file target38.txt (compact mmCIF, C-alpha atoms and all ligand atoms)
# COMPACT_ATOMS: atom_id res chain seq x y z
CA MET A 1 164.88 44.67 116.90
CA GLN A 2 165.32 48.39 117.59
CA HIS A 3 164.52 49.04 113.93
CA VAL A 4 161.29 46.97 114.12
CA ARG A 5 160.25 48.86 117.26
CA SER A 6 160.80 52.30 115.79
CA THR A 7 159.12 51.49 112.47
CA ALA A 8 156.14 49.92 114.31
CA ARG A 9 155.35 53.30 115.90
CA PHE A 10 154.57 55.15 112.68
CA PRO A 11 151.70 53.03 111.26
CA LEU A 12 150.22 52.80 114.77
CA MET A 13 150.38 56.57 115.23
CA ALA A 14 148.95 57.05 111.73
CA LEU A 15 145.95 54.86 112.60
CA GLY A 16 145.54 56.75 115.90
CA LEU A 17 145.52 60.02 113.95
CA LEU A 18 143.00 58.59 111.48
CA ALA A 19 140.80 57.69 114.46
CA LEU A 20 141.06 61.27 115.76
CA LEU A 21 140.19 62.88 112.42
CA THR A 22 137.28 60.57 111.65
CA ALA A 23 136.00 60.93 115.24
CA LEU A 24 136.07 64.73 114.90
CA TRP A 25 134.10 64.48 111.66
CA GLY A 26 131.54 62.08 113.17
CA GLY A 27 131.21 64.25 116.31
CA LEU A 28 130.50 67.36 114.25
CA VAL A 29 127.87 65.57 112.19
CA ARG A 30 126.31 64.45 115.48
CA LEU A 31 126.25 68.07 116.59
CA GLY A 32 124.06 68.83 113.59
CA TRP A 33 126.53 69.97 110.91
CA ALA A 34 124.90 68.57 107.77
CA TRP A 35 128.09 67.29 106.19
CA PRO A 36 128.45 64.16 104.06
CA VAL A 37 129.03 60.95 105.96
CA PRO A 38 131.38 58.84 103.81
CA LEU A 39 131.18 55.87 106.18
CA PRO A 40 127.81 55.08 107.75
CA THR A 41 129.44 53.89 110.99
CA LEU A 42 131.21 57.22 111.56
CA ILE A 43 128.46 58.75 113.69
CA VAL A 44 127.98 55.98 116.25
CA ALA A 45 131.71 55.25 116.27
CA HIS A 46 132.66 58.78 117.46
CA GLY A 47 133.11 57.90 121.17
CA PRO A 48 134.93 54.55 120.64
CA LEU A 49 137.18 56.13 117.97
CA MET A 50 138.17 58.98 120.30
CA VAL A 51 138.67 57.00 123.51
CA CYS A 52 139.88 53.58 122.31
CA GLY A 53 141.11 54.31 118.80
CA PHE A 54 142.96 57.57 119.28
CA LEU A 55 143.81 57.91 122.98
CA GLY A 56 144.03 54.17 123.73
CA THR A 57 146.50 53.71 120.87
CA LEU A 58 148.50 56.82 121.79
CA ILE A 59 148.80 55.74 125.44
CA GLY A 60 149.70 52.19 124.34
CA VAL A 61 152.51 53.41 122.05
CA GLU A 62 153.81 55.78 124.75
CA ARG A 63 154.03 52.94 127.27
CA ALA A 64 155.63 50.60 124.74
CA VAL A 65 158.30 53.21 123.94
CA ALA A 66 158.95 53.70 127.66
CA LEU A 67 159.34 49.93 128.28
CA GLY A 68 161.68 49.57 125.31
CA ALA A 69 160.62 46.01 124.34
CA LEU A 70 158.70 44.69 121.34
CA TRP A 71 155.83 42.82 123.02
CA PRO A 72 154.15 45.92 124.59
CA TYR A 73 153.40 47.11 121.03
CA GLY A 74 150.77 44.33 120.94
CA ALA A 75 148.37 46.53 122.95
CA PRO A 76 148.33 49.53 120.55
CA LEU A 77 148.44 47.12 117.60
CA LEU A 78 145.12 45.64 118.76
CA SER A 79 143.48 49.02 119.40
CA ALA A 80 144.75 50.27 116.02
CA ALA A 81 143.22 47.17 114.39
CA GLY A 82 140.05 48.13 116.29
CA VAL A 83 140.10 51.49 114.45
CA VAL A 84 140.03 49.66 111.11
CA ALA A 85 137.20 47.44 112.35
CA LEU A 86 135.22 50.47 113.60
CA LEU A 87 135.57 52.27 110.27
CA ALA A 88 134.67 49.13 108.34
CA GLY A 89 131.57 48.63 110.48
CA LEU A 90 132.89 45.34 111.90
CA PRO A 91 132.72 44.38 115.59
CA ALA A 92 135.54 46.30 117.25
CA ALA A 93 134.82 45.65 120.93
CA PRO A 94 136.74 42.31 121.06
CA LEU A 95 139.88 43.92 119.59
CA MET A 96 139.62 46.91 121.94
CA ALA A 97 139.06 44.58 124.91
CA LEU A 98 142.19 42.58 124.01
CA GLY A 99 144.15 45.81 123.47
CA SER A 100 143.14 47.09 126.90
CA LEU A 101 144.13 43.75 128.47
CA GLY A 102 147.51 44.25 126.81
CA LEU A 103 147.80 47.68 128.41
CA VAL A 104 147.04 46.11 131.80
CA ALA A 105 149.89 43.62 131.24
CA VAL A 106 152.25 46.49 130.33
CA SER A 107 151.10 48.47 133.38
CA ALA A 108 151.69 45.43 135.61
CA VAL A 109 155.31 45.30 134.41
CA VAL A 110 155.71 49.03 135.10
CA VAL A 111 154.29 48.56 138.64
CA HIS A 112 156.61 45.60 139.17
CA ARG A 113 159.60 47.73 138.16
CA GLN A 114 158.60 50.82 140.09
CA CYS A 115 155.79 50.28 142.58
CA GLY A 116 154.25 53.55 143.76
CA LEU A 117 150.98 55.43 143.93
CA ALA A 118 151.53 56.97 140.47
CA THR A 119 152.17 53.69 138.63
CA VAL A 120 149.38 51.91 140.53
CA THR A 121 146.95 54.72 139.59
CA MET A 122 147.86 54.35 135.91
CA ALA A 123 147.43 50.57 136.16
CA LEU A 124 143.99 51.17 137.71
CA GLY A 125 143.20 53.43 134.76
CA ALA A 126 144.08 50.59 132.37
CA LEU A 127 141.85 48.22 134.39
CA LEU A 128 138.95 50.67 134.01
CA TRP A 129 139.50 50.60 130.26
CA VAL A 130 139.21 46.80 130.40
CA GLY A 131 136.04 47.16 132.51
CA GLY A 132 134.46 49.60 130.05
CA ASN A 133 135.43 47.52 127.02
CA GLY A 134 134.09 44.39 128.74
CA LEU A 135 130.70 46.09 129.26
CA TRP A 136 130.74 47.26 125.62
CA LEU A 137 131.59 43.71 124.50
CA VAL A 138 128.63 42.17 126.32
CA GLY A 139 126.31 44.74 124.76
CA TRP A 140 125.82 47.46 127.39
CA PRO A 141 124.73 50.81 125.93
CA LEU A 142 127.62 53.22 125.32
CA ALA A 143 126.20 55.74 127.81
CA GLN A 144 126.83 53.16 130.55
CA VAL A 145 130.27 52.32 129.25
CA VAL A 146 131.39 55.97 129.02
CA PRO A 147 131.93 56.58 132.79
CA TRP A 148 134.44 53.68 132.77
CA TRP A 149 136.25 55.10 129.74
CA SER A 150 136.29 58.50 131.38
CA GLY A 151 137.87 56.88 134.46
CA PHE A 152 140.49 55.25 132.22
CA LEU A 153 141.60 58.55 130.73
CA VAL A 154 141.41 60.65 133.89
CA LEU A 155 143.24 58.13 136.13
CA THR A 156 145.93 57.64 133.47
CA ILE A 157 146.51 61.39 133.36
CA ALA A 158 146.25 61.81 137.15
CA GLY A 159 148.87 59.05 137.59
CA GLU A 160 151.20 60.81 135.14
CA ARG A 161 150.75 64.10 137.01
CA LEU A 162 151.53 62.38 140.30
CA GLU A 163 154.68 60.98 138.71
CA LEU A 164 155.71 64.39 137.37
CA SER A 165 154.99 65.95 140.79
CA ARG A 166 157.35 63.51 142.55
CA VAL A 167 159.94 66.29 142.88
CA LEU A 168 157.63 67.76 145.55
CA ARG A 169 158.06 64.56 147.61
CA LEU A 170 154.37 64.42 148.45
CA SER A 171 153.28 61.83 151.00
CA GLY A 172 150.99 61.52 154.04
CA LEU A 173 147.96 63.81 153.76
CA PRO A 174 148.24 64.64 150.02
CA HIS A 175 148.57 60.96 149.15
CA GLY A 176 145.68 60.08 151.46
CA LEU A 177 143.44 62.69 149.82
CA PHE A 178 144.43 61.46 146.35
CA VAL A 179 143.53 57.88 147.31
CA LEU A 180 140.21 59.12 148.72
CA ALA A 181 139.31 60.96 145.47
CA VAL A 182 140.20 57.92 143.34
CA SER A 183 138.29 55.59 145.70
CA LEU A 184 135.17 57.76 145.40
CA TRP A 185 135.39 57.48 141.63
CA LEU A 186 135.85 53.69 141.77
CA ALA A 187 132.95 53.34 144.22
CA GLY A 188 130.72 55.30 141.82
CA LEU A 189 131.69 53.03 138.92
CA LEU A 190 130.86 49.90 140.88
CA LEU A 191 127.59 51.41 142.09
CA LEU A 192 126.42 52.35 138.59
CA LEU A 193 126.53 48.68 137.61
CA THR A 194 123.43 48.17 139.75
CA VAL A 195 121.92 51.66 140.23
CA PHE A 196 122.97 53.86 137.31
CA THR A 197 122.07 57.42 138.32
CA PRO A 198 123.37 57.37 141.93
CA GLY A 199 126.54 55.62 140.73
CA VAL A 200 127.23 58.27 138.08
CA ARG A 201 126.55 60.96 140.69
CA VAL A 202 129.25 59.50 142.98
CA THR A 203 131.73 59.50 140.06
CA GLY A 204 130.94 63.22 139.72
CA VAL A 205 131.98 63.74 143.35
CA GLY A 206 135.18 61.80 142.62
CA MET A 207 135.90 64.11 139.66
CA VAL A 208 135.43 67.25 141.75
CA ALA A 209 137.69 65.78 144.46
CA LEU A 210 140.41 64.89 141.97
CA ALA A 211 140.17 68.32 140.30
CA TRP A 212 140.57 69.97 143.70
CA TRP A 213 143.56 67.73 144.44
CA LEU A 214 145.30 68.65 141.18
CA LEU A 215 144.68 72.37 141.72
CA GLN A 216 145.97 72.08 145.28
CA TYR A 217 148.96 69.75 145.03
CA ASP A 218 150.11 69.41 141.41
CA VAL A 219 153.62 70.72 140.68
CA ALA A 220 151.96 72.94 138.03
CA ARG A 221 151.07 75.37 140.82
CA ARG A 222 154.78 76.12 141.14
CA THR A 223 155.90 75.68 137.56
CA VAL A 224 153.28 78.15 136.31
CA ARG A 225 155.60 80.87 137.64
CA GLN A 226 158.35 79.75 135.27
CA THR A 227 158.65 80.57 131.60
CA GLY A 228 158.50 78.89 128.19
CA PHE A 229 157.25 75.33 127.84
CA THR A 230 157.24 74.68 131.61
CA ARG A 231 154.71 77.47 132.12
CA PHE A 232 152.66 76.40 129.09
CA MET A 233 152.37 72.87 130.45
CA ALA A 234 151.34 74.19 133.88
CA VAL A 235 148.68 76.44 132.33
CA CYS A 236 147.28 73.40 130.49
CA VAL A 237 147.20 71.35 133.72
CA LEU A 238 145.58 74.04 135.85
CA SER A 239 142.99 75.09 133.25
CA GLY A 240 142.22 71.44 132.44
CA SER A 241 141.76 70.66 136.14
CA GLY A 242 139.26 73.52 136.35
CA TRP A 243 137.21 71.85 133.59
CA LEU A 244 137.44 68.51 135.41
CA GLY A 245 135.78 70.19 138.40
CA VAL A 246 133.08 71.69 136.15
CA GLY A 247 132.60 68.26 134.53
CA GLY A 248 132.19 66.70 137.98
CA ALA A 249 129.54 69.25 138.99
CA LEU A 250 127.67 68.72 135.68
CA THR A 251 127.94 64.95 136.11
CA TRP A 252 126.41 65.26 139.59
CA HIS A 253 123.59 67.42 138.25
CA PHE A 254 122.78 65.51 135.03
CA ALA A 255 123.72 62.04 136.28
CA GLY A 256 120.82 60.18 134.65
CA SER A 257 121.26 61.79 131.23
CA VAL A 258 122.23 59.41 128.39
CA ALA A 259 121.87 61.66 125.30
CA GLY A 260 121.26 65.24 124.22
CA PRO A 261 122.70 68.63 125.24
CA SER A 262 123.10 67.96 128.98
CA TYR A 263 124.89 64.68 128.19
CA ASP A 264 127.08 66.53 125.68
CA ALA A 265 128.00 69.19 128.27
CA MET A 266 128.84 66.82 131.13
CA LEU A 267 130.89 64.52 128.89
CA HIS A 268 132.88 67.10 126.97
CA ALA A 269 133.70 69.31 129.96
CA VAL A 270 135.89 66.31 130.90
CA PHE A 271 136.86 64.92 127.47
CA VAL A 272 137.60 68.24 125.77
CA GLY A 273 138.24 70.55 128.76
CA PHE A 274 140.41 68.17 130.78
CA VAL A 275 141.66 65.41 128.47
CA LEU A 276 142.44 67.56 125.42
CA ALA A 277 143.98 70.37 127.48
CA MET A 278 146.25 67.74 129.08
CA LEU A 279 147.08 66.39 125.62
CA PHE A 280 148.04 69.91 124.54
CA GLY A 281 150.25 70.25 127.64
CA HIS A 282 151.94 66.86 127.41
CA GLY A 283 151.93 66.43 123.61
CA PRO A 284 155.15 68.43 123.15
CA LEU A 285 156.84 65.89 125.50
CA VAL A 286 155.07 62.72 124.40
CA PHE A 287 155.20 63.08 120.60
CA PRO A 288 158.99 63.64 120.39
CA ALA A 289 159.52 60.71 122.83
CA ILE A 290 157.42 58.51 120.53
CA LEU A 291 159.12 59.77 117.39
CA GLY A 292 162.57 59.34 118.93
CA ARG A 293 163.44 63.07 119.04
CA ALA A 294 165.35 64.49 121.99
CA LEU A 295 164.04 68.06 121.94
CA THR A 296 160.89 69.44 123.50
CA PRO A 297 159.24 71.54 120.82
CA TYR A 298 157.76 74.75 122.14
CA HIS A 299 156.56 77.95 120.59
CA PRO A 300 154.36 80.59 122.27
CA ALA A 301 151.92 80.08 119.38
CA LEU A 302 150.83 76.91 121.23
CA TYR A 303 148.78 79.19 123.51
CA GLY A 304 146.56 79.97 120.50
CA PRO A 305 144.90 76.53 120.24
CA LEU A 306 144.71 76.28 124.05
CA VAL A 307 142.81 79.56 124.37
CA LEU A 308 140.60 78.59 121.42
CA LEU A 309 139.90 75.20 123.01
CA HIS A 310 138.75 76.68 126.32
CA ALA A 311 136.80 79.57 124.84
CA SER A 312 134.99 77.35 122.33
CA LEU A 313 134.21 74.76 125.00
CA LEU A 314 132.67 77.48 127.14
CA LEU A 315 130.54 78.49 124.15
CA ARG A 316 129.53 74.88 123.54
CA VAL A 317 128.63 74.14 127.16
CA LEU A 318 126.66 77.39 127.48
CA GLY A 319 124.91 76.54 124.22
CA ASP A 320 124.08 73.09 125.64
CA LEU A 321 122.80 74.40 128.95
CA LEU A 322 120.82 77.36 127.54
CA GLY A 323 119.42 75.47 124.56
CA TRP A 324 121.25 77.93 122.26
CA TRP A 325 121.90 75.80 119.16
CA PRO A 326 124.33 78.10 117.27
CA GLY A 327 126.54 78.33 120.38
CA ARG A 328 126.58 74.56 120.81
CA GLN A 329 127.30 73.86 117.15
CA GLY A 330 129.78 76.70 116.67
CA GLY A 331 131.57 75.79 119.91
CA GLY A 332 131.91 72.15 118.79
CA LEU A 333 133.29 73.21 115.40
CA LEU A 334 135.85 75.50 117.06
CA ASN A 335 136.80 72.67 119.48
CA ALA A 336 137.73 70.57 116.45
CA LEU A 337 139.60 73.49 114.85
CA ALA A 338 141.59 73.99 118.07
CA VAL A 339 142.75 70.35 117.87
CA LEU A 340 143.78 70.71 114.23
CA LEU A 341 145.57 73.99 114.92
CA PHE A 342 147.45 72.40 117.83
CA LEU A 343 148.61 69.49 115.63
CA PHE A 344 149.60 71.89 112.87
CA ILE A 345 151.71 74.10 115.16
CA LEU A 346 153.28 71.13 116.93
CA ALA A 347 154.19 69.49 113.63
CA GLY A 348 155.71 72.76 112.38
CA VAL A 349 157.80 73.27 115.52
CA LEU A 350 158.86 69.60 115.55
CA ARG A 351 159.99 69.82 111.95
CA ARG A 352 162.17 72.81 112.68
CA GLY A 353 163.56 70.94 115.72
CA ARG A 354 163.24 74.09 117.75
CA SER A 355 163.35 74.11 121.56
CA SER A 356 162.94 77.18 123.70
CA LEU A 357 164.34 75.49 126.79
CA GLY A 358 166.44 72.76 125.34
CA TRP A 359 166.32 70.56 128.43
CA ARG A 360 167.14 66.96 127.61
CA GLU A 361 166.84 65.04 130.83
CA ALA A 362 166.59 61.29 131.10
CA PRO A 363 163.06 60.00 130.45
CA SER A 364 160.96 59.10 133.50
CA SER A 365 159.31 55.69 133.82
CA LEU A 366 156.61 57.06 131.50
CA GLY A 367 159.05 57.91 128.78
CA VAL A 368 158.73 61.66 129.23
CA SER A 369 161.26 64.06 130.68
CA GLN A 370 160.75 65.96 133.87
CA PRO A 371 160.39 69.73 133.59
CA PRO A 372 162.68 71.75 135.84
CA VAL A 373 160.86 73.00 138.95
C1 LIG A 401 136.44 68.07 119.71
C2 LIG A 401 135.25 67.92 119.17
C3 LIG A 401 134.15 66.98 119.60
C4 LIG A 401 132.89 67.02 119.11
C5 LIG A 401 132.36 68.01 118.07
C6 LIG A 401 132.13 65.98 119.77
C7 LIG A 401 130.78 65.74 119.57
C8 LIG A 401 130.01 64.81 120.25
C9 LIG A 401 128.58 64.70 120.21
C10 LIG A 401 127.66 65.63 119.44
C11 LIG A 401 128.21 63.66 120.99
C12 LIG A 401 126.79 63.18 121.26
C13 LIG A 401 126.22 63.89 122.47
C14 LIG A 401 124.73 63.74 122.51
O1 LIG A 401 124.22 62.63 122.75
O2 LIG A 401 124.05 64.74 122.27
C15 LIG A 401 129.41 63.08 121.53
C16 LIG A 401 129.46 61.99 122.36
C17 LIG A 401 130.62 61.45 122.84
N1 LIG A 401 131.90 61.98 122.71
FE1 LIG A 401 132.41 63.64 121.67
N2 LIG A 401 132.95 65.30 120.62
C18 LIG A 401 134.19 65.87 120.56
C19 LIG A 401 135.31 65.48 121.30
C20 LIG A 401 135.38 64.34 122.05
C21 LIG A 401 136.56 63.86 122.71
C22 LIG A 401 137.92 64.56 122.70
C23 LIG A 401 136.23 62.68 123.30
C24 LIG A 401 137.08 61.74 124.11
C25 LIG A 401 138.25 62.00 124.61
C26 LIG A 401 134.85 62.43 123.02
C27 LIG A 401 134.13 61.31 123.44
C28 LIG A 401 132.77 61.14 123.32
C29 LIG A 401 132.04 60.01 123.87
C30 LIG A 401 132.65 58.84 124.61
C31 LIG A 401 130.69 60.21 123.56
C32 LIG A 401 129.52 59.33 123.94
C33 LIG A 401 129.29 58.37 122.82
C34 LIG A 401 127.88 57.83 122.81
O3 LIG A 401 127.14 57.93 123.80
O4 LIG A 401 127.54 57.29 121.73
N3 LIG A 401 134.36 63.45 122.27
N4 LIG A 401 130.50 63.80 121.08
call {"tool": "encode", "arguments": {"input": "target38.txt", "output": "structure tokens"}}
result
Amino acid sequence: MQHVRSTARFPLMALGLLALLTALWGGLVRLGWAWPVPLPTLIVAHGPLMVCGFLGTLIGVERAVALGALWPYGAPLLSAAGVVALLAGLPAAPLMALGSLGLVAVSAVVVHRQCGLATVTMALGALLWVGGNGLWLVGWPLAQVVPWWSGFLVLTIAGERLELSRVLRLSGLPHGLFVLAVSLWLAGLLLLLTVFTPGVRVTGVGMVALAWWLLQYDVARRTVRQTGFTRFMAVCVLSGSGWLGVGGALTWHFAGSVAGPSYDAMLHAVFVGFVLAMLFGHGPLVFPAILGRALTPYHPALYGPLVLLHASLLLRVLGDLLGWWPGRQGGGLLNALAVLLFLFILAGVLRRGRSSLGWREAPSSLGVSQPPV
């Protein structure tokens, strides 16, 4: 059974990676790079491939590894099958909807085992993925589905950060403020079902509130004074949270936008600035956990892709807001290169099995180790 579980991870991760690479290609073509489009569906499938195909599958595998049973692999199996359907131009929403329901079931088990604000927040994130996929399934335009998907990713990450910050023993006021920020976001999502623009605007306020919370209370504020991987992770969290705040302000300002440069800026401040920076920060913990390696790979070269990611996103967002096409297109291309560079460095360090810190603590409920504070 153990053998089946560990071999199941590799094809699932390979399909997740395929989703990432094809989504990057499709996104760049959408930005105006006149490159060949080998599959006609690649351009419209960019958002679903990124959110459901790549990140949905990655999160599903991470949870399945943490639970240590075979059945939780059903969720990433369905979203990985959704990647194949997306690339083949077949209806993928039913598979993604089933996959997200699977993640809700897995999250329910996690909450049952360890009920707390962190696990409940992650379960709420999974529910938002179901909500978004449900809207996609019944034919809502993607622009109206996207705020739900954004909620899925941000609440999943926020829940993980809360879990990793448990060493601070937060309670009372910090927990109350966290609940308030998440509630604002949820209220916005419910509102946009009936009145789109005001609803999206409220989600923007929720984003700013959550960004402020992370900058104020996350353990990264302390761990940034440490060295090695611990500091790198904290820099990712703090810089990513800054982008979440920018994304919230842009979402407030451009709430009614459903395409074009303003839409691009408000979406990718969150998806690239927050979500990818968090992936860079947590990837060196998550990937070895998934691949069954004990060490946390770290090399200072990891700062290279992080700096490139933030600088190129700034270029892209400025290009979007000022109508400066070369900035927008060049920034998008460098965003994609930052992702590839990150994967390249991480793979190299993982292969050498190098660890600057060498801490090998027991995995948390999420399957990742806790950095020393
Ligand atoms: C890193 C390079 C990326 C590039 C070059 C890129 C490019 C684009 C472009 C050009 C659009 C269309 C915006 C418009 O209407 O003008 C778009 C939409 C979108 N992107 Fe990205 N993107 C990238 C990363 C991401 C990431 C990391 C995510 C998710 C985590 C993501 C999710 C989405 C979603 C959900 C949409 C909306 C889909 C739709 O309305 O059809 N993107 N992207």
call {"tool": "residues_near_ligand", "arguments": {"input": "target38.txt", "ligand": "ligand LIG 401 (chain A)", "cutoff": "7 Å", "atoms": "only C-alpha atoms and all ligand atoms", "output": "PDB file with C-alpha atoms, in the frame of the given file"}}
result
ATOM      1  CA  LEU A  24     136.070  64.730 114.900  1.00  0.00           C
ATOM      2  CA  GLY A  27     131.210  64.250 116.310  1.00  0.00           C
ATOM      3  CA  LEU A  28     130.500  67.360 114.250  1.00  0.00           C
ATOM      4  CA  ARG A  30     126.310  64.450 115.480  1.00  0.00           C
ATOM      5  CA  LEU A  31     126.250  68.070 116.590  1.00  0.00           C
ATOM      6  CA  VAL A  44     127.980  55.980 116.250  1.00  0.00           C
ATOM      7  CA  HIS A  46     132.660  58.780 117.460  1.00  0.00           C
ATOM      8  CA  GLY A  47     133.110  57.900 121.170  1.00  0.00           C
ATOM      9  CA  PRO A  48     134.930  54.550 120.640  1.00  0.00           C
ATOM     10  CA  MET A  50     138.170  58.980 120.300  1.00  0.00           C
ATOM     11  CA  VAL A  51     138.670  57.000 123.510  1.00  0.00           C
ATOM     12  CA  LEU A 142     127.620  53.220 125.320  1.00  0.00           C
ATOM     13  CA  ALA A 143     126.200  55.740 127.810  1.00  0.00           C
ATOM     14  CA  VAL A 146     131.390  55.970 129.020  1.00  0.00           C
ATOM     15  CA  VAL A 258     122.230  59.410 128.390  1.00  0.00           C
ATOM     16  CA  ALA A 259     121.870  61.660 125.300  1.00  0.00           C
ATOM     17  CA  GLY A 260     121.260  65.240 124.220  1.00  0.00           C
ATOM     18  CA  PRO A 261     122.700  68.630 125.240  1.00  0.00           C
ATOM     19  CA  TYR A 263     124.890  64.680 128.190  1.00  0.00           C
ATOM     20  CA  ASP A 264     127.080  66.530 125.680  1.00  0.00           C
ATOM     21  CA  LEU A 267     130.890  64.520 128.890  1.00  0.00           C
ATOM     22  CA  HIS A 268     132.880  67.100 126.970  1.00  0.00           C
ATOM     23  CA  PHE A 271     136.860  64.920 127.470  1.00  0.00           C
ATOM     24  CA  VAL A 272     137.600  68.240 125.770  1.00  0.00           C
ATOM     25  CA  VAL A 275     141.660  65.410 128.470  1.00  0.00           C
ATOM     26  CA  LEU A 276     142.440  67.560 125.420  1.00  0.00           C
ATOM     27  CA  GLY A 332     131.910  72.150 118.790  1.00  0.00           C
ATOM     28  CA  LEU A 333     133.290  73.210 115.400  1.00  0.00           C
ATOM     29  CA  ASN A 335     136.800  72.670 119.480  1.00  0.00           C
ATOM     30  CA  ALA A 336     137.730  70.570 116.450  1.00  0.00           C
ATOM     31  CA  VAL A 339     142.750  70.350 117.870  1.00  0.00           C
TER      32      VAL A 339
END
call {"tool": "residues_around", "arguments": {"input": "target38.txt", "residues": "Arg231 (chain A)", "least_positions_apart": "5", "cutoff": "10 Å", "atoms": "only C-alpha atoms", "output": "PyMOL selection string"}}
result
chain A and resi 220-226+236-237+281+371
call {"tool": "residues_around", "arguments": {"input": "target38.txt", "residues": "Leu17 (chain A)", "least_positions_apart": "3", "cutoff": "9 Å", "atoms": "all atoms listed in the file", "output": "list in words"}}
result
Leu12, Met13, Ala14, Leu20, Leu21, Thr22, Gly53, Phe54 and Leu58 of chain A
call {"tool": "atom_distance", "arguments": {"input": "target38.txt", "atom1": "CA of Ser241 (chain A)", "atom2": "CA of Ala211 (chain A)"}}
result
5.0 Å
call {"tool": "closest_residue", "arguments": {"input": "target38.txt", "among": "A:Leu170, A:His175, A:Val202, A:Pro94", "to": "Gly139 (chain A)", "atoms": "all atoms listed in the file"}}
result
A:Pro94
call {"tool": "closest_residue", "arguments": {"input": "target38.txt", "among": "A:Val104, A:Val61, A:Ala34, A:Leu214", "to": "Ser165 (chain A)", "atoms": "all atoms listed in the file"}}
result
A:Leu214
call {"tool": "closest_residue", "arguments": {"input": "target38.txt", "among": "A:Ala289, A:Ser171, A:Trp25, A:Gly176", "to": "Leu340 (chain A)", "atoms": "all atoms listed in the file"}}
result
A:Trp25
call {"tool": "residues_around", "arguments": {"input": "target38.txt", "residues": "Leu309 (chain A)", "least_positions_apart": "3", "cutoff": "6 Å", "atoms": "only C-alpha atoms", "output": "JSON, numbers by chain"}}
result
{"A": [305, 306, 312, 335, 338]}
call {"tool": "closest_atom_pairs", "arguments": {"input": "target38.txt", "of": "region 35-131 of chain A", "to": "region 147-156 of chain A", "cutoff": "8 Å", "atoms": "all atoms listed in the file", "output": "CSV"}}
result
residue,atom,partner,partner_atom,distance
A:Val51,CA,A:Trp149,CA,6.9
A:Thr121,CA,A:Leu155,CA,6.1
A:Met122,CA,A:Thr156,CA,4.5
A:Ala123,CA,A:Thr156,CA,7.7
A:Leu124,CA,A:Leu155,CA,7.2
A:Gly125,CA,A:Phe152,CA,4.1
A:Ala126,CA,A:Phe152,CA,5.9
A:Leu127,CA,A:Phe152,CA,7.5
A:Leu128,CA,A:Phe152,CA,5.2
A:Trp129,CA,A:Phe152,CA,5.1
A:Gly131,CA,A:Trp148,CA,6.7
call {"tool": "axis_aligned_box", "arguments": {"input": "target38.txt", "around": "region 145-155 of chain A", "padding_each_side": "4 Å", "output": "AutoDock Vina command-line options"}}
result
--center_x 136.8 --center_y 56.5 --center_z 132.6 --size_x 21.0 --size_y 16.3 --size_z 15.1
call {"tool": "closest_residue", "arguments": {"input": "target38.txt", "among": "A:Pro11, A:Phe280, A:Gly82, A:Phe254", "to": "Ala97 (chain A)", "atoms": "all atoms listed in the file"}}
result
A:Gly82
call {"tool": "atom_distance", "arguments": {"input": "target38.txt", "atom1": "CA of Gly68 (chain A)", "atom2": "CA of Ala81 (chain A)"}}
result
21.6 Å
call {"tool": "atom_distance", "arguments": {"input": "target38.txt", "atom1": "CA of Tyr73 (chain A)", "atom2": "CA of Arg352 (chain A)"}}
result
28.4 Å
call {"tool": "closest_residue", "arguments": {"input": "target38.txt", "among": "A:Ala23, A:Leu322, A:Leu42, A:Val235", "to": "Val307 (chain A)", "atoms": "only C-alpha atoms"}}
result
A:Val235
call {"tool": "closest_residue", "arguments": {"input": "target38.txt", "among": "A:His299, A:His253, A:Arg316, A:Arg201", "to": "Leu184 (chain A)", "atoms": "all atoms listed in the file"}}
result
A:Arg201
call {"tool": "residues_around", "arguments": {"input": "target38.txt", "residues": "Thr203 (chain A)", "least_positions_apart": "2", "cutoff": "6 Å", "atoms": "only C-alpha atoms", "output": "list in words"}}
result
Trp185, Gly188, Val200, Arg201, Val205 and Gly206 of chain A
call {"tool": "residues_around", "arguments": {"input": "target38.txt", "residues": "Pro174 (chain A)", "least_positions_apart": "3", "cutoff": "12 Å", "atoms": "only C-alpha atoms", "output": "list in words"}}
result
Leu117, Leu162, Ser165, Arg166, Leu168, Arg169, Leu170, Ser171, Leu177, Phe178, Val179, Leu180, Ala181, Ala209, Leu210, Trp212, Trp213, Leu214, Leu215, Gln216, Tyr217 and Asp218 of chain A
